[in-house]
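> Before I ask anything, let me first share the structure, which is written out below as structure tokens.
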Amino acid sequence: MRNAGSPPRLALRLLERFSGWQDDYGAAGDFEEFYRALAQEQGVRRARRACWKQVLAAFPGYVKNVILWSDAMLKNYLKIAVRNLRKHKGYSFINIAGLAVGMACALFILLWVQDELSFDRFHANAETLYRLEQESDTGQGKFRHSSMPYALGPILKAEIPEIQEATRIAEQPSLLVHCGEKTFFEENVAAVDPQIFRMFTFPLVQGDPATALSRPGSLVVTEDMAKKYFGRADPLGQTMTFNEVYAFTVTGVLKNIPPNSTLSFDMLVPFDFVRTLGQYSDSLTSNDIHTYARLQARSDPAEVGAKITRLIRDRIIAESRTNPEIVKNLAGKPEVARRFEAFQKSRIFILMPFVDINLFGGRMAIRNVYLYSALALFVLLIAGINFMNLATARSAGRAKEIGLRKVVGARRKSLVGQFYGESILTAFLAGAAALILVILLFPAFRALSGKSMTLHALASGKFLFGTLAVILFTGIVAGSYPALLLSSFQPIKVLQGHLGGGAKSAFFRKTLVVFQFGLSILFLIGMGAVSRQVDYMRNKKLGYDKEQMIYLPMRDKTASSYAVFKERLLQNPRILGVTATRHPPTAIKANDTYADWEGKNPDLRFRISFASVDFDFPETMKIEMIAGRSFSRNFPSDVRRAFMVNEGVPKLMGLTAAAAVGKRFVFRGYEGTIVGVMKDFHYQSVRNALEPLAVVVDPEDFRYAVVRLSAGQIPASLDDVEKTWRRVFPRYPIEYRFFDEDFDQMYRKDERMGTILKVFSVMAVVIACLGLFGLASYTAERRTKEIGIRKVLGASSRRIILLLSKEFAVCVLAANAAAWPVAYLLMRNWLRSYAYNPGIAWWMFIAAGTGALAIALLTVSFQAFRAAAANPARSMRHE
Amino acid sequence: MKLLTRMEEIILISIWRLGENAYGITIREEVGKAMGEELPLGAIYPYLSRLHQGGYVKTITSRSTPERGGRHKILYRLTADGRQALAEVQEVSQRTWDGISALAFKKFT
């Protein structure tokens, strides 16, 4: 006979449970024997079946037993729990309120995290979609980006079998759209391959996704756009004109794209449009558009990425011999050719899972997910500690009950169960309160998080499941210490009136209070640090005067009439200055590493920022010159053949500012001399370090007009600008931005973090104080008699208040000692991400510490006053 | 005097009958024979446990055998108390049934 093995383990376990084999009565062995005997006679299958039958047979008895017993006990436990909650209304309130607030925080964060995780999940094929990215080595470290050659998409589809579908998305810079009487600039237009509708779940409300983008000149607009341009009229078949020349006919209406989508557009046109605009290039060396791919199920993205890398490398090597432009550029320049080859060989293609883009892509939402989850967990922990502390502090009151239960025969296990049950019941009550809080505070949360969520998010299965998890987690974590401590009481001692381990548990309670306040202080310091940083950035001297400054994008053909616009504006005395730039003047982000000057070490490369500007740039911006002169029309060579630099450039050159003037300088295809050195000014967010900057005058390269308005006459001068614009560019709508708006936006992220930290700090402090209040009232009550005796013996009220406050003050001081080093390290790390920061301020630590101490003492002193003011004659009769 | 329950009585008698070889499996078989139907396998252990705690039986741990998967066998023997209790039960039931013939009920079934 073959080996029968052993009976099913699970069956044995279940049977053990059901039959309540407490001690060893040989049951397990008997069961085994029973099984083997059967197996030998009738075969393993039957034996196994017989085992399971035995399990089933034992089940009804088990259920009867459990229900009979536990039902009675459960009712009793519940009754005691409810009675306890009712009897100590104050404590119950502190517990439930604290937990509710903590849980509400956790639930909000849960909503937020859920929203972040839901990004892009609505696509039916989300799991098989990838965005193509490439990593290359520019000689200054690795650089990863998602711009792809125009020609890549179709090549991938044709050459790589694992790629089922590929679509190219070319986001267009703003387009001037005419439609009947209506004219707008549209920023969110993309030229795409028609496969987009097969890969992504972007449903059309009207039109056929298979043909909507197949013909040139077809156009798909979102519902919002349809409403904007056509109102209630049927959008299908309507025509729109882009940039005054390209006519499109609406062939489809796209359902509005949900906010939790990384891809977002208002209008889609066929990919051909990039050819029409003359942007298309067959070369694989170009990197201009985005490409998305859908892989076959179960293919390995890393492998496919490697395949693409090899394919493109081969093609580029072939191209560099045939593409006339590249051949021309490289001919006779071995150094350039070598660099070109090294760069192309360093290009690696990577498939970024589409659903990971939000969390791990440029936005790095995962960082905030971690940060805010940690904050919420801490607040919840602070609330849980209140529960623990109050439960163990009041254990004296429960001790008799526990002793009696034990005497009557309760096992420790059932007592542990009882206390867990109580804490979970409390957690459920708090959870219900938390849900109400969440609903009430939802609008505030939406404003704070900047997310367009609706209350429907609360009804999702995931959220409800998460809520349940939060409740159970809180109940179990908060309940575990009381459950283990209280159930360990020895009935003899307890019933005699002795409570063992009093000092030990009091020490533990204090440690928890220290932890609570430590976290609160940490939050307070964090909040202070963030708002100080924001203030610092806001008030930092920029090196120019940003007040009353606006800039206007010069789109399309308006750029060519800039000179007229400027001249007309300057005729108005209310306009103090006009200049122009290639980049938004608050965010000049172009830079290059190939600059050359007299006496440069050819082996070294430096990154230098670059901008082309108009004459009057320093004058309009009010940038100080420290050497040389500003650009001037009196020197014809100042156009394209002269540079102004900031202080960083002479430093790179190893010269003083004055010595740098007049030196030859070659940069970005411009060759000329340095005519002036400007004082450093912040041409980017203050978050970034100021880098060397060189500017040149190139009238063909202006995209923004920059205008200084008169202080005190802003509305009037703004009106003048508008009138002038309308006279010069009657066909174009005017757009302008104040510099101030840009700066506000730059700091919005930091400010949001500051506000969120503020909310959490307040929560943490309030909850911790609630707990302290409960603990203080308990201490005061327990020491009623002692205080009475002290008063009778002549202690003043002040001494008594001091006596009661002292132990808590010590806790808060210890919390400071624990929190400060942690806060210091965190702050130092965080400040490193800002090029300019006000450093670490010690007063902030002191302020947070004394603030927490003051609030704690205030909380405690209320109870202390009451205790101290009590009539000793009455106190003595206490207990 | 404390009387055994019916189930306890049947199990005790079975153990006495089995003598040297009373353990879970055999006891269950014996009880099954007496009652005319098999008990679930797990059902006898709570009774054994109660009888053991009451001092009616003692357990002997015998060495493990391969057919028991390396687990040892617990053998049960009556104690003096157990024998005494059985004797009392027997006495009581004999007194109770005295003078009633088995045939008296047969008619009605």
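Residue numbering restarts at 1 in every chain; chains get A, B, ... in the order shown in the structure tokens, and ligands count up from 1 in that same order.
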Can you pull out every residue within 10 Å of Ala57 of chain A, counting only C-alpha atoms, but drop anything in the same chain fewer than 2 positions away, and send it as an MDAnalysis selection string?

(chainID A and resid 15 18 51:55 59:62) or (chainID B and resid 39:43)

> For chain B against chain A, which residues fall within 12 Å using only C-alpha atoms, given as a count of residues only?

44

> Please measure the separation of atom CA of Thr249 of chain A and atom CA of Ala212 of chain A, giving the value in Å to one decimal.

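Atom CA of Thr249 of chain A sits 10.2 Å away from atom CA of Ala212 of chain A.
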
> Tell me, which residues of segment 118-313 of chain A carry DSSP alpha helix (DSSP H), written as an MDAnalysis selection string?

chainID A and resid 152:159 196:199 223:230 273:276 301:313

> Could you pull out the strand (DSSP E or B) residues of segment 98-273 of chain A from DSSP and send them as an MDAnalysis selection string?

chainID A and resid 129:137 142:145 148 163:172 175:179 182:186 189:192 204:206 218:222 239:242 246:254 267:270

> Quick one: residues within 10 Å of segment 265-270 of chain A, only C-alpha atoms, excluding same-chain residues fewer than 4 positions away - as an MDAnalysis selection string?

chainID A and resid 169:172 186:194 212:226 248:254 256:257 274

> Give me, please, the distance in Å between atom CA of Glu135 of chain A and atom CA of Arg347 of chain A, quoted to one decimal.

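It comes out at 5.6 Å.
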